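Enquirer: The structure's right below; bear with me while I get my questions together.
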Amino acid sequence: MAKITFITSDNESVTVEGTSGSVMELAVNNNIKGIDGDCGGVCSCATCHVYVAPDSVAKTGEASELENDMLEFDDLTNEYSRLSCQLQVSEDLDGVIFKVAK
Amino acid sequence: MKASEFSDAFEEARQEKGIGKMNDQNDPVTMVLRHKEVRKCAHNWKTFQSGAEPGRIVIPSEVNIRDTRQIPFEVDPPMHKTFRDIVDPWFKRPLEADYQNGLTKIIEGVVAKALNSNSIEIVSEFSLPLQSRALTYLLNTPYSDADLWISWGTHVFRSEDSDLDAGKANILYDYIDKEIDRAIENPSEDLYSMLLASEVNGKKLTKEEVKGVIILTFSGGRDTVINAVTNSISYFAEHPKSLEIIKEKPEMINNAVEELVRYFSPLTQMGRVVTEDTHVCEHAVKADTRISLCWASANRDEKVFENPNEVVLDRKINPHVGFGFSHHNCLGATHARQILRILLSILSKEVTSIEVLEAKENIENLDNFERKIGFDSLTVKFNK
């Protein structure tokens, strides 16, 4: 079980719990504003863009080359950007904070 | 060759030069063919603009058959976002469970009719009614409106005789004008009324702006959805085990839909007008000429996709650009995805096999390239 916190663009903080699936699915299932996950998690639509809190980066690891390619042409991208569909929910992510990009 | 095989028309040009050339009504186009370059150009709206003369970024150009600017499609940032913010919540409604239930009933009806027929022509008797009825749901207009739209055929601007049929376009425009006037007289819960009540920079949308959004809604999701549905049927007909696998593993429907969109790429390309002398893939392009973002080629780029010319229904990572890329990504993508997801779910439960009886391919002629985009007709038999 991992407790994961999302901070939406209007600064609402929502903490949810999950055991499996992707962070995008967890967000969509909990109606986190700004995360649509249109493509269902195949790294095609970039509607699940989040910023990893700086002190959570060690837990999430690095983006893959294809994920970085997708983020490269997004105006909102910064060094903490990830596509949440490419992050798997596991114990490792317990306590991680994501800020929703949109 | 099998009906469901769609070869890659751009492979050689993409690998050798990265671009292709085509002449479109004496307004030539430099086609950008590689995945990364397509995405790079799509993102660079300052150099490759959408807000050009209405109709010019569409290929074939519609400059000669319309003056109304399609919105937000033919508007550049920052104004593009202002319009997109108005329409996005409406076009995201297919994410809601209630919406999906309504769409499911529509598609179940179309599939049930096919199952009860000895044979059915998929383009005109299955995909066209399905798209038209689903559009009533998207616009929130009466279901019966679909009957009129079905009578217009598969493309709102193209006919059997012409790629650009002004007479046909005028039928749509007259219809939309009347619907806008109706919504002004009697506002309802439909898209027209929502748009008429919306404001941009403190001013109500004009009738012309509302018309621009509605034309886009009618034309953008018409032949694209029809081709995606028809081509998918051809695939399942020739790969009957796929339906069985999806029935056993419904969780793979999402991946399957994305892969079918990648493989079939219902929209071949979209143009942009170049605002300054520059280059794409090391080839010079001049200001006031056109480039195209060739989604169909990018979606077969062997540098990005393993086995690009095969349908891999459970492809996990699939950064396709079948719904475009960057600011102007497809407004109707959420709706189109739900249509396909629901269709696959129903087919996998209700249909055991599909037989192709007759297929007539629809080949797009792009000067140096010939691309199969779908079918003029596809007659099949559905088996329970």
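Ligands are numbered from 1 in the order shown, chains are lettered A, B, ... in the order of the structure tokens, and residues start at 1 in each chain.
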Using only C-alpha atoms and a cut-off of 6 Å, which residues of chain B sit close to chain A? Please list them as a tab-separated table (two decimals) with N, CA and C atoms, in the first residue's frame.

Expert:
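What follows is the written file selection-v3.tsv:
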```tsv
chain	number	residue	atom	x	y	z
B	316	LYS	N	2.47	-1.93	-25.57
B	316	LYS	CA	2.38	-1.23	-24.28
B	316	LYS	C	2.72	0.25	-24.40
B	317	ILE	N	3.88	0.54	-24.99
B	317	ILE	CA	4.30	1.93	-25.17
B	317	ILE	C	4.02	2.30	-26.61
B	318	ASN	N	3.19	3.30	-26.81
B	318	ASN	CA	2.70	3.57	-28.16
B	318	ASN	C	2.55	5.09	-28.37
B	319	PRO	N	3.69	5.77	-28.52
B	319	PRO	CA	3.59	7.24	-28.63
B	319	PRO	C	3.15	7.70	-30.02
B	320	HIS	N	2.03	7.15	-30.49
B	320	HIS	CA	1.55	7.49	-31.83
B	320	HIS	C	1.01	8.92	-31.87
```

Enquirer: I need the residues in chain A that are strand (DSSP E) according to DSSP; give them as a VMD selection string.

Expert: chain A and resid 2 to 7 13 to 18 49 to 52 81 to 83 97 to 100

Enquirer: Go ahead and save the picked residues with N, CA and C atoms, as a PDB file, in the first residue's frame.

Expert:
```
ATOM      1  N   ALA A   2       0.606   2.145  -0.968  1.00  0.00           N
ATOM      2  CA  ALA A   2       1.360   3.405  -1.017  1.00  0.00           C
ATOM      3  C   ALA A   2       0.391   4.574  -0.879  1.00  0.00           C
ATOM      4  N   LYS A   3       0.768   5.520  -0.040  1.00  0.00           N
ATOM      5  CA  LYS A   3      -0.015   6.758   0.078  1.00  0.00           C
ATOM      6  C   LYS A   3       0.624   7.789  -0.842  1.00  0.00           C
ATOM      7  N   ILE A   4      -0.169   8.293  -1.783  1.00  0.00           N
ATOM      8  CA  ILE A   4       0.356   9.233  -2.773  1.00  0.00           C
ATOM      9  C   ILE A   4      -0.471  10.509  -2.732  1.00  0.00           C
ATOM     10  N   THR A   5       0.231  11.651  -2.763  1.00  0.00           N
ATOM     11  CA  THR A   5      -0.464  12.943  -2.682  1.00  0.00           C
ATOM     12  C   THR A   5      -0.394  13.677  -4.015  1.00  0.00           C
ATOM     13  N   PHE A   6      -1.546  14.177  -4.457  1.00  0.00           N
ATOM     14  CA  PHE A   6      -1.603  15.013  -5.659  1.00  0.00           C
ATOM     15  C   PHE A   6      -1.961  16.438  -5.234  1.00  0.00           C
ATOM     16  N   ILE A   7      -1.239  17.409  -5.782  1.00  0.00           N
ATOM     17  CA  ILE A   7      -1.595  18.812  -5.557  1.00  0.00           C
ATOM     18  C   ILE A   7      -2.052  19.373  -6.902  1.00  0.00           C
ATOM     19  N   SER A  13      -4.931  19.715  -2.128  1.00  0.00           N
ATOM     20  CA  SER A  13      -4.072  18.561  -1.874  1.00  0.00           C
ATOM     21  C   SER A  13      -4.944  17.336  -1.580  1.00  0.00           C
ATOM     22  N   VAL A  14      -4.736  16.263  -2.346  1.00  0.00           N
ATOM     23  CA  VAL A  14      -5.541  15.049  -2.152  1.00  0.00           C
ATOM     24  C   VAL A  14      -4.593  13.868  -1.973  1.00  0.00           C
ATOM     25  N   THR A  15      -4.740  13.135  -0.872  1.00  0.00           N
ATOM     26  CA  THR A  15      -3.901  11.956  -0.653  1.00  0.00           C
ATOM     27  C   THR A  15      -4.749  10.705  -0.855  1.00  0.00           C
ATOM     28  N   VAL A  16      -4.268   9.804  -1.709  1.00  0.00           N
ATOM     29  CA  VAL A  16      -5.005   8.569  -1.988  1.00  0.00           C
ATOM     30  C   VAL A  16      -4.081   7.368  -1.796  1.00  0.00           C
ATOM     31  N   GLU A  17      -4.702   6.198  -1.703  1.00  0.00           N
ATOM     32  CA  GLU A  17      -3.905   4.992  -1.482  1.00  0.00           C
ATOM     33  C   GLU A  17      -4.060   4.034  -2.647  1.00  0.00           C
ATOM     34  N   GLY A  18      -2.986   3.358  -2.987  1.00  0.00           N
ATOM     35  CA  GLY A  18      -3.063   2.397  -4.074  1.00  0.00           C
ATOM     36  C   GLY A  18      -2.071   1.273  -3.883  1.00  0.00           C
ATOM     37  N   HIS A  49       0.380  14.584 -17.195  1.00  0.00           N
ATOM     38  CA  HIS A  49       1.654  15.223 -16.850  1.00  0.00           C
ATOM     39  C   HIS A  49       1.655  15.702 -15.383  1.00  0.00           C
ATOM     40  N   VAL A  50       2.674  15.275 -14.640  1.00  0.00           N
ATOM     41  CA  VAL A  50       2.828  15.721 -13.240  1.00  0.00           C
ATOM     42  C   VAL A  50       4.275  16.170 -12.993  1.00  0.00           C
ATOM     43  N   TYR A  51       4.452  16.972 -11.929  1.00  0.00           N
ATOM     44  CA  TYR A  51       5.799  17.311 -11.462  1.00  0.00           C
ATOM     45  C   TYR A  51       6.043  16.540 -10.169  1.00  0.00           C
ATOM     46  N   VAL A  52       7.155  15.845 -10.119  1.00  0.00           N
ATOM     47  CA  VAL A  52       7.514  15.123  -8.899  1.00  0.00           C
ATOM     48  C   VAL A  52       8.112  16.127  -7.909  1.00  0.00           C
ATOM     49  N   SER A  81       9.350  16.982 -14.455  1.00  0.00           N
ATOM     50  CA  SER A  81       8.190  16.467 -15.195  1.00  0.00           C
ATOM     51  C   SER A  81       8.232  14.948 -15.370  1.00  0.00           C
ATOM     52  N   ARG A  82       7.074  14.323 -15.227  1.00  0.00           N
ATOM     53  CA  ARG A  82       6.905  12.906 -15.579  1.00  0.00           C
ATOM     54  C   ARG A  82       5.509  12.712 -16.170  1.00  0.00           C
ATOM     55  N   LEU A  83       5.362  11.676 -16.966  1.00  0.00           N
ATOM     56  CA  LEU A  83       4.027  11.242 -17.374  1.00  0.00           C
ATOM     57  C   LEU A  83       3.602  10.182 -16.368  1.00  0.00           C
ATOM     58  N   ILE A  97       4.888  12.974  -3.456  1.00  0.00           N
ATOM     59  CA  ILE A  97       3.967  14.078  -3.757  1.00  0.00           C
ATOM     60  C   ILE A  97       4.120  14.462  -5.227  1.00  0.00           C
ATOM     61  N   PHE A  98       2.985  14.538  -5.939  1.00  0.00           N
ATOM     62  CA  PHE A  98       2.977  14.971  -7.342  1.00  0.00           C
ATOM     63  C   PHE A  98       2.164  16.251  -7.456  1.00  0.00           C
ATOM     64  N   LYS A  99       2.727  17.213  -8.188  1.00  0.00           N
ATOM     65  CA  LYS A  99       1.951  18.416  -8.508  1.00  0.00           C
ATOM     66  C   LYS A  99       1.412  18.226  -9.931  1.00  0.00           C
ATOM     67  N   VAL A 100       0.110  18.424 -10.110  1.00  0.00           N
ATOM     68  CA  VAL A 100      -0.492  18.234 -11.435  1.00  0.00           C
ATOM     69  C   VAL A 100      -0.113  19.418 -12.331  1.00  0.00           C
TER      70      VAL A 100
END
```

Enquirer: Near Thr334 in chain B, counting only C-alpha atoms, which residues have an atom at most 7 Å away, once you skip same-chain residues fewer than 5 positions from it, shown as a list in words?

Expert: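 Here the qualifying residues turn out to be Asp38 of chain A; Phe91, Lys92 and Pro94 of chain B.
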
Enquirer: Out of A:Thr60, A:Asn30, A:Asn68, A:Thr19, which residue has the shortest atom-to-atom distance to Leu87 in chain A when counting only C-alpha atoms?

Expert: A:Thr60

Enquirer: Rounded to one decimal in Å, what is the spacing between CA of Phe325 in chain B and CA of Arg39 in chain B?

Expert: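 These atoms are spaced 6.3 Å apart.
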
Enquirer: May I have all residues of range 279-328 of chain B that DSSP, computed from the backbone, assigns to alpha helix (DSSP H), given as a list of chain:residue names?

Expert: B:Trp295, B:Ala296, B:Ser297, B:Ala298

Enquirer: To one decimal place in Å, what is the distance between CA of Phe264 in chain B and CA of Leu128 in chain B?

Expert: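 Atom-to-atom, CA of Phe264 in chain B and CA of Leu128 in chain B are spaced 17.5 Å apart.
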
Enquirer: Could you tell me how far CA of Ile373 in chain B sits from CA of Glu125 in chain B, in Å to one decimal place?

Expert: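 For CA of Glu125 in chain B relative to CA of Ile373 in chain B, the distance reads 18.6 Å.
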
Enquirer: For range 280-290 of chain B, work out the shell of residues within 12 Å, counting only C-alpha atoms and skipping chain neighbours fewer than 4 positions away, then give it as a PyMOL selection string.

Expert: chain B and resi 13-24+26-42+44+46-50+52-53+56-61+270-276

Enquirer: Which one of B:Thr206, B:Ser242, B:Asn383, B:Thr217 sits closest to Glu350 in chain B if you count only C-alpha atoms?

Expert: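 Closest residue, counting only C-alpha atoms: B:Asn383.
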
Enquirer: For Ile233 in chain B, please output as a VMD selection string all residues within 10 Å (counting only C-alpha atoms; exclusion window: fewer than 3 positions along the same chain).

Expert: chain B and resid 4 122 127 227 to 230 236 to 239 343 to 344 347 354 to 356 378 380 382

Enquirer: Can you write out the residues you just picked, keeping all heavy atoms, as a compact mmCIF listing (two decimals), in the first residue's frame?

Expert:
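This is the output file result24.txt:
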```txt
# COMPACT_ATOMS: atom_id res chain seq x y z
N SER B 4 -7.28 -6.14 -44.68
CA SER B 4 -6.88 -5.36 -43.49
C SER B 4 -5.42 -4.97 -43.50
O SER B 4 -4.94 -4.36 -42.54
CB SER B 4 -7.19 -6.17 -42.23
OG SER B 4 -6.42 -7.36 -42.22
N ILE B 122 -20.26 -2.13 -44.59
CA ILE B 122 -19.84 -1.50 -43.34
C ILE B 122 -19.75 0.03 -43.43
O ILE B 122 -20.15 0.73 -42.50
CB ILE B 122 -18.48 -2.09 -42.89
CG1 ILE B 122 -18.68 -3.56 -42.48
CG2 ILE B 122 -17.88 -1.31 -41.74
CD1 ILE B 122 -19.58 -3.77 -41.30
N SER B 127 -20.74 2.05 -40.23
CA SER B 127 -19.90 3.14 -39.69
C SER B 127 -20.57 4.50 -39.79
O SER B 127 -20.48 5.31 -38.86
CB SER B 127 -18.56 3.18 -40.42
OG SER B 127 -17.91 1.94 -40.33
N ASN B 227 -13.58 5.78 -41.10
CA ASN B 227 -12.45 4.93 -41.51
C ASN B 227 -11.93 4.09 -40.35
O ASN B 227 -11.61 2.91 -40.52
CB ASN B 227 -11.31 5.78 -42.08
CG ASN B 227 -11.59 6.22 -43.50
OD1 ASN B 227 -12.36 5.59 -44.21
ND2 ASN B 227 -10.98 7.31 -43.91
N ALA B 228 -11.80 4.69 -39.18
CA ALA B 228 -11.27 3.95 -38.03
C ALA B 228 -12.16 2.74 -37.71
O ALA B 228 -11.66 1.64 -37.46
CB ALA B 228 -11.15 4.87 -36.81
N VAL B 229 -13.47 2.96 -37.74
CA VAL B 229 -14.41 1.87 -37.43
C VAL B 229 -14.37 0.81 -38.53
O VAL B 229 -14.23 -0.39 -38.27
CB VAL B 229 -15.84 2.43 -37.25
CG1 VAL B 229 -16.87 1.30 -37.20
CG2 VAL B 229 -15.93 3.27 -35.98
N THR B 230 -14.45 1.26 -39.78
CA THR B 230 -14.49 0.31 -40.91
C THR B 230 -13.20 -0.51 -40.96
O THR B 230 -13.23 -1.75 -41.11
CB THR B 230 -14.66 1.08 -42.24
OG1 THR B 230 -15.82 1.91 -42.14
CG2 THR B 230 -14.80 0.13 -43.41
N PHE B 236 -10.57 -7.26 -37.58
CA PHE B 236 -11.14 -8.35 -36.78
C PHE B 236 -11.68 -9.47 -37.68
O PHE B 236 -11.66 -10.63 -37.29
CB PHE B 236 -12.22 -7.82 -35.83
CG PHE B 236 -11.65 -6.99 -34.73
CD1 PHE B 236 -11.99 -5.65 -34.57
CD2 PHE B 236 -10.71 -7.53 -33.87
CE1 PHE B 236 -11.42 -4.89 -33.57
CE2 PHE B 236 -10.13 -6.77 -32.86
CZ PHE B 236 -10.49 -5.44 -32.71
N ALA B 237 -12.15 -9.11 -38.87
CA ALA B 237 -12.62 -10.14 -39.80
C ALA B 237 -11.47 -11.08 -40.16
O ALA B 237 -11.64 -12.30 -40.23
CB ALA B 237 -13.18 -9.48 -41.06
N GLU B 238 -10.30 -10.50 -40.37
CA GLU B 238 -9.17 -11.32 -40.83
C GLU B 238 -8.29 -11.82 -39.69
O GLU B 238 -7.32 -12.53 -39.94
CB GLU B 238 -8.37 -10.52 -41.87
CG GLU B 238 -9.21 -10.33 -43.13
CD GLU B 238 -8.53 -9.53 -44.23
OE1 GLU B 238 -7.55 -8.82 -43.94
OE2 GLU B 238 -8.99 -9.62 -45.37
N HIS B 239 -8.61 -11.42 -38.47
CA HIS B 239 -7.87 -11.90 -37.28
C HIS B 239 -8.88 -12.30 -36.21
O HIS B 239 -8.97 -11.66 -35.16
CB HIS B 239 -6.92 -10.82 -36.76
CG HIS B 239 -5.91 -10.39 -37.79
ND1 HIS B 239 -6.19 -9.46 -38.75
CD2 HIS B 239 -4.64 -10.80 -38.00
CE1 HIS B 239 -5.13 -9.29 -39.52
NE2 HIS B 239 -4.17 -10.09 -39.10
N LEU B 343 -17.03 -0.08 -28.99
CA LEU B 343 -17.24 -0.97 -30.14
C LEU B 343 -16.48 -2.28 -29.95
O LEU B 343 -17.04 -3.37 -30.14
CB LEU B 343 -16.79 -0.28 -31.44
CG LEU B 343 -16.86 -1.14 -32.69
CD1 LEU B 343 -18.31 -1.50 -33.04
CD2 LEU B 343 -16.20 -0.44 -33.89
N LEU B 344 -15.22 -2.20 -29.55
CA LEU B 344 -14.42 -3.42 -29.35
C LEU B 344 -15.01 -4.29 -28.25
O LEU B 344 -15.05 -5.51 -28.36
CB LEU B 344 -12.96 -3.07 -29.02
CG LEU B 344 -11.99 -3.09 -30.20
CD1 LEU B 344 -12.40 -2.11 -31.28
CD2 LEU B 344 -10.57 -2.81 -29.73
N LEU B 347 -18.22 -5.92 -29.74
CA LEU B 347 -17.87 -6.94 -30.75
C LEU B 347 -17.32 -8.19 -30.08
O LEU B 347 -17.68 -9.32 -30.45
CB LEU B 347 -16.83 -6.39 -31.73
CG LEU B 347 -17.28 -5.32 -32.73
CD1 LEU B 347 -16.09 -4.86 -33.58
CD2 LEU B 347 -18.39 -5.82 -33.64
N ILE B 354 -16.28 -12.61 -38.28
CA ILE B 354 -16.76 -11.70 -39.33
C ILE B 354 -16.13 -12.18 -40.64
O ILE B 354 -14.93 -12.44 -40.69
CB ILE B 354 -16.32 -10.24 -39.04
CG1 ILE B 354 -16.80 -9.79 -37.64
CG2 ILE B 354 -16.85 -9.29 -40.11
CD1 ILE B 354 -16.20 -8.46 -37.17
N GLU B 355 -16.94 -12.32 -41.67
CA GLU B 355 -16.40 -12.74 -42.98
C GLU B 355 -16.42 -11.56 -43.93
O GLU B 355 -17.45 -10.90 -44.07
CB GLU B 355 -17.30 -13.83 -43.60
CG GLU B 355 -17.36 -15.13 -42.83
CD GLU B 355 -18.54 -15.97 -43.31
OE1 GLU B 355 -18.68 -16.18 -44.53
OE2 GLU B 355 -19.33 -16.39 -42.44
N VAL B 356 -15.29 -11.33 -44.61
CA VAL B 356 -15.27 -10.30 -45.66
C VAL B 356 -15.84 -10.91 -46.93
O VAL B 356 -15.34 -11.92 -47.42
CB VAL B 356 -13.83 -9.79 -45.91
CG1 VAL B 356 -13.81 -8.81 -47.09
CG2 VAL B 356 -13.26 -9.13 -44.67
N LEU B 378 -17.10 -2.06 -47.96
CA LEU B 378 -16.60 -3.29 -47.33
C LEU B 378 -17.84 -4.09 -46.90
O LEU B 378 -18.52 -3.73 -45.94
CB LEU B 378 -15.73 -2.96 -46.11
CG LEU B 378 -15.23 -4.15 -45.29
CD1 LEU B 378 -14.15 -4.92 -46.06
CD2 LEU B 378 -14.67 -3.69 -43.94
N VAL B 380 -19.53 -7.38 -45.42
CA VAL B 380 -19.14 -8.50 -44.54
C VAL B 380 -20.39 -9.21 -44.02
O VAL B 380 -21.51 -8.72 -44.15
CB VAL B 380 -18.30 -8.01 -43.32
CG1 VAL B 380 -17.13 -7.16 -43.76
CG2 VAL B 380 -19.15 -7.27 -42.31
N PHE B 382 -21.56 -10.76 -40.27
CA PHE B 382 -21.27 -10.93 -38.84
C PHE B 382 -21.86 -12.27 -38.39
O PHE B 382 -23.02 -12.57 -38.71
CB PHE B 382 -21.95 -9.83 -38.00
CG PHE B 382 -21.20 -8.53 -37.94
CD1 PHE B 382 -20.64 -7.96 -39.06
CD2 PHE B 382 -21.05 -7.85 -36.72
CE1 PHE B 382 -19.96 -6.75 -39.00
CE2 PHE B 382 -20.38 -6.64 -36.65
CZ PHE B 382 -19.83 -6.09 -37.79
```

Enquirer: Which residues are near Lys372 in chain B? Cut-off 10 Å, only C-alpha atoms, ignore same chain within fewer than 2 positions. Put them as a PyMOL selection string.

Expert: chain B and resi 5-9+264+268+361-365+369-370+374-375

Enquirer: Take the residues just selected and output them with all heavy atoms as a CSV table (one decimal), in the first residue's frame.

Expert:
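Heads up, here's the output in part-v2.csv:
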```
chain,number,residue,atom,x,y,z
B,5,GLU,N,-4.7,-5.3,-44.6
B,5,GLU,CA,-3.3,-4.9,-44.6
B,5,GLU,C,-3.2,-3.5,-45.2
B,5,GLU,O,-3.7,-3.2,-46.3
B,5,GLU,CB,-2.5,-5.8,-45.5
B,5,GLU,CG,-1.9,-6.9,-44.7
B,5,GLU,CD,-1.1,-7.9,-45.6
B,5,GLU,OE1,-0.3,-7.5,-46.5
B,5,GLU,OE2,-1.2,-9.1,-45.3
B,6,PHE,N,-2.6,-2.6,-44.5
B,6,PHE,CA,-2.4,-1.2,-45.0
B,6,PHE,C,-0.9,-0.9,-45.0
B,6,PHE,O,-0.3,-0.8,-44.0
B,6,PHE,CB,-3.1,-0.2,-44.0
B,6,PHE,CG,-4.6,-0.1,-44.1
B,6,PHE,CD1,-5.4,-1.3,-43.9
B,6,PHE,CD2,-5.2,1.1,-44.4
B,6,PHE,CE1,-6.7,-1.2,-44.0
B,6,PHE,CE2,-6.6,1.1,-44.5
B,6,PHE,CZ,-7.4,0.0,-44.3
B,7,SER,N,-0.3,-0.9,-46.2
B,7,SER,CA,1.1,-0.7,-46.3
B,7,SER,C,1.5,0.7,-46.0
B,7,SER,O,0.7,1.6,-46.0
B,7,SER,CB,1.6,-1.2,-47.7
B,7,SER,OG,1.0,-0.4,-48.6
B,8,ASP,N,2.8,0.9,-45.8
B,8,ASP,CA,3.4,2.2,-45.4
B,8,ASP,C,3.8,2.9,-46.7
B,8,ASP,O,4.8,2.5,-47.3
B,8,ASP,CB,4.6,2.0,-44.5
B,8,ASP,CG,5.3,3.3,-44.2
B,8,ASP,OD1,4.8,4.4,-44.5
B,8,ASP,OD2,6.4,3.2,-43.6
B,9,ALA,N,3.1,3.9,-47.1
B,9,ALA,CA,3.3,4.6,-48.4
B,9,ALA,C,4.6,5.4,-48.3
B,9,ALA,O,5.1,5.8,-49.4
B,9,ALA,CB,2.1,5.4,-48.8
B,264,PHE,N,-3.8,2.4,-38.5
B,264,PHE,CA,-4.7,2.9,-39.6
B,264,PHE,C,-4.5,4.4,-39.8
B,264,PHE,O,-4.8,4.9,-40.9
B,264,PHE,CB,-6.1,2.5,-39.4
B,264,PHE,CG,-6.4,1.1,-39.4
B,264,PHE,CD1,-7.0,0.4,-38.3
B,264,PHE,CD2,-6.1,0.3,-40.6
B,264,PHE,CE1,-7.2,-1.0,-38.4
B,264,PHE,CE2,-6.3,-1.0,-40.6
B,264,PHE,CZ,-6.9,-1.7,-39.5
B,268,THR,N,-4.4,11.3,-42.6
B,268,THR,CA,-3.0,11.1,-43.1
B,268,THR,C,-2.1,12.2,-42.7
B,268,THR,O,-1.0,12.0,-42.2
B,268,THR,CB,-3.0,11.1,-44.7
B,268,THR,OG1,-3.9,10.0,-45.1
B,268,THR,CG2,-1.7,10.9,-45.2
B,361,GLU,N,-11.1,-0.9,-52.0
B,361,GLU,CA,-10.2,-0.1,-51.2
B,361,GLU,C,-10.4,1.4,-51.6
B,361,GLU,O,-10.6,1.7,-52.8
B,361,GLU,CB,-8.7,-0.4,-51.5
B,361,GLU,CG,-8.4,-1.8,-51.0
B,361,GLU,CD,-6.9,-2.2,-51.2
B,361,GLU,OE1,-6.3,-1.5,-52.1
B,361,GLU,OE2,-6.4,-3.1,-50.6
B,362,ASN,N,-10.1,2.3,-50.7
B,362,ASN,CA,-10.1,3.7,-50.9
B,362,ASN,C,-8.7,4.2,-50.9
B,362,ASN,O,-8.0,4.1,-49.8
B,362,ASN,CB,-11.0,4.4,-49.8
B,362,ASN,CG,-10.9,5.9,-50.0
B,362,ASN,OD1,-10.4,6.5,-51.0
B,362,ASN,ND2,-11.6,6.6,-49.1
B,363,ILE,N,-8.1,4.5,-52.0
B,363,ILE,CA,-6.7,4.9,-52.1
B,363,ILE,C,-6.6,6.4,-52.2
B,363,ILE,O,-7.2,7.0,-53.2
B,363,ILE,CB,-6.0,4.3,-53.3
B,363,ILE,CG1,-6.2,2.8,-53.3
B,363,ILE,CG2,-4.5,4.6,-53.4
B,363,ILE,CD1,-5.5,2.0,-52.3
B,364,GLU,N,-5.9,7.1,-51.4
B,364,GLU,CA,-5.6,8.5,-51.4
B,364,GLU,C,-4.5,8.8,-52.4
B,364,GLU,O,-3.4,8.1,-52.2
B,364,GLU,CB,-5.2,9.0,-50.0
B,364,GLU,CG,-6.0,10.0,-49.4
B,364,GLU,CD,-5.4,10.5,-48.1
B,364,GLU,OE1,-4.3,10.1,-47.7
B,364,GLU,OE2,-6.2,11.2,-47.4
B,365,ASN,N,-4.7,9.7,-53.3
B,365,ASN,CA,-3.6,10.0,-54.3
B,365,ASN,C,-2.9,11.3,-53.9
B,365,ASN,O,-3.5,12.3,-53.9
B,365,ASN,CB,-4.2,10.1,-55.7
B,365,ASN,CG,-3.1,10.2,-56.7
B,365,ASN,OD1,-2.0,10.6,-56.4
B,365,ASN,ND2,-3.4,9.7,-57.9
B,369,PHE,N,2.8,9.8,-53.8
B,369,PHE,CA,2.4,8.7,-52.8
B,369,PHE,C,1.0,8.3,-53.0
B,369,PHE,O,0.1,9.1,-53.3
B,369,PHE,CB,2.6,9.2,-51.4
B,369,PHE,CG,3.9,9.8,-51.1
B,369,PHE,CD1,4.1,11.2,-51.2
B,369,PHE,CD2,5.0,9.0,-50.8
B,369,PHE,CE1,5.3,11.8,-50.9
B,369,PHE,CE2,6.2,9.6,-50.5
B,369,PHE,CZ,6.4,10.9,-50.6
B,370,GLU,N,0.8,7.0,-52.9
B,370,GLU,CA,-0.6,6.5,-52.9
B,370,GLU,C,-0.8,5.7,-51.6
B,370,GLU,O,0.0,4.8,-51.3
B,370,GLU,CB,-0.8,5.5,-54.1
B,370,GLU,CG,-0.9,6.2,-55.4
B,370,GLU,CD,-1.4,5.3,-56.5
B,370,GLU,OE1,-1.4,4.1,-56.4
B,370,GLU,OE2,-1.9,5.9,-57.5
B,374,GLY,N,-8.7,3.6,-46.4
B,374,GLY,CA,-9.9,2.8,-45.9
B,374,GLY,C,-10.5,2.1,-47.0
B,374,GLY,O,-9.8,1.6,-47.9
B,375,PHE,N,-11.9,2.1,-47.0
B,375,PHE,CA,-12.6,1.4,-48.0
B,375,PHE,C,-13.7,2.3,-48.6
B,375,PHE,O,-14.3,3.0,-47.9
B,375,PHE,CB,-13.2,0.1,-47.4
B,375,PHE,CG,-12.2,-0.8,-46.9
B,375,PHE,CD1,-11.8,-0.8,-45.6
B,375,PHE,CD2,-11.7,-1.8,-47.7
B,375,PHE,CE1,-10.8,-1.6,-45.1
B,375,PHE,CE2,-10.7,-2.7,-47.2
B,375,PHE,CZ,-10.3,-2.6,-45.9
```
